[in-house]
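Everything on this sheet refers to the single structure shown next.
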Amino acid sequence: KELNIDADNHKILSVVDQKGQVYQADNFLSTIPLPTFYEKLLPASYQNPFVMQTIDNPDTPFVSCFLCAFKLDSSYKGEIAHSVSYGSKERFSLAVSDADHLLVRGYPYMPNKDGSVTLVVMVDQNKEDFQYWKKAREDGSYQEKKQAAVKKIEEILLAEQKDYEGHLSFLDASTPYTFYRYSGTYCGSFLSNLDTPDARRKELPYQEKSLTNLYYAGQWLKSVGGIPSALETGRYA
């Protein structure tokens with residue numbers, strides 16, 4: 001919730017959580033996604049300009065996604081691939097950016113209790129899409145737009161996999177704003193910057209230059225993020 005900073009000695013004195021509990025230490029390690037830490041906790045006067053310049057640089061992009069879960073009932077007897085990409089005959093949009101395919105993951109090796117199988121469909125989204133969903137949440141059109149996106153995904157899926165007709169039912173969906181609401185990730189990104197040459201050259205700092213006892217660890221420090229990257233940053237923090 002709040003950092004208590006000794007400006008003269010360039011140190012954090014304590015951290016206050018949302019319940020008002022105060023934590024004191026000689027050193028502090030943050031595993032909060034770095035852009036979220038900057039946005040919500042670290043005063044602007046202590047922020048390293050390089051961090052947000054790197055994160056918001058078009059040459060070091062990051063992605064979020066629209067996730068949609070369906071289930072195939074137990075009467076479906078066709079083959080279910082673990083991972084397959086379905087191309088769309090025409091480019092489509094769920095928010096702002098255009099897409100040309102669905103990434104579909106099936107879990108036939110983990111059937112549900114009723115014998116059905118879960119399918120999870122992913123469509124890439126970006127920062128502009130996040131702003132679209134954020135605005136929709138604020139103006140009350142969120143559920144309507146979310147349902148329209150689900151309908152579009154279902155149409156494409158059934159066009160590519162016609163034998164799913166009559167066996168497919170919707171379970172749940174999440175937008176980039178869902179990721180932001182539940183985990184505070186920057187613009188709903190579930191990973192850090194994509195693995196581009198610029199991203200590899202511009203790894204984010206493990207220590208805040210302006211504060212001598214503040215260190216960072218987590219997937220946002222290294223492209224492309226994920227558990228291995230997070231573990232590696234913890235080793236060096």
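Following the order of the structure tokens, chains are lettered A, B, ..., residues in each are numbered from 1, and ligands are numbered from 1.
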Using only C-alpha atoms, which residues sit within 7 Å of segment 94-98 of chain A once same-chain residues fewer than 4 positions away are excluded, as a ChimeraX atom specification?
-> /A:125,128-129,132,149
Show which residues sit within 7 Å of Gln219 of chain A, as a list in words. Count only C-alpha atoms, and ignore same-chain residues fewer than 3 positions away.
->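 After dropping sequence-adjacent residues, the list is Ser192, Lys222, Gly225, Gly226, Ile227, Ser229 and Ala230 of chain A.
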In terms of only C-alpha atoms, the residue from A:Gln53, A:Ser75, A:Tyr177, A:Tyr107 at minimal distance from Ala136 of chain A is A:Tyr177
Name the closest residue to Asp124 of chain A among the candidates A:Thr36, A:Gln161, A:Ser64, A:Thr178; distances are taken between atoms, counting only C-alpha atoms.
->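 When distances to Asp124 of chain A are compared using only C-alpha atoms, the smallest one comes from A:Ser64.
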Expressed in Å to a single decimal, how great is the separation between atom CA of Pro49 of chain A and atom CA of Ala217 of chain A?
->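 Rounded to one decimal, the two atoms are 18.3 Å apart.
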Considering only C-alpha atoms, give me a table of residues in segment 120-187 of chain A that are at most 12 Å from segment 38-45 of chain A, with the closest atom pair and distance in Å for each, as a Markdown table.
| residue | atom | partner | partner_atom | distance |
| --- | --- | --- | --- | --- |
| A:Gly184 | CA | A:Lys40 | CA | 9.6 |
| A:Thr185 | CA | A:Glu39 | CA | 10.5 |
| A:Tyr186 | CA | A:Glu39 | CA | 8.7 |
| A:Cys187 | CA | A:Glu39 | CA | 11.0 |
Run DSSP on the backbone of this structure and report the residues of segment 85-145 of chain A it assigns to helix (DSSP H, G or I), as JSON, numbers by chain.
-> {"A": [127, 128, 129, 130, 131, 132, 133, 134, 135, 136, 137, 138, 139, 142, 143, 144, 145]}
Out of segment 46-134 of chain A, which residues get strand (DSSP E or B) from DSSP, as a PyMOL selection string?
-> chain A and resi 62+64-72+83-93+98-106+117-125
Identify which of the residues A:Asp8, A:Glu79, A:Ser85, A:Gln207 lies closest to Tyr236 of chain A, counting only C-alpha atoms when measuring atom-to-atom distances.
->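 Answer, going by the shortest atom-to-atom distance: A:Gln207.
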Using only C-alpha atoms, pick whichever of A:Glu2, A:Asp114, A:Glu155, A:Glu138 has the shortest atom-to-atom distance to Val22 of chain A.
->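 Checking each of A:Glu2, A:Asp114, A:Glu155, A:Glu138 against Val22 of chain A, counting only C-alpha atoms, the winner is A:Glu2.
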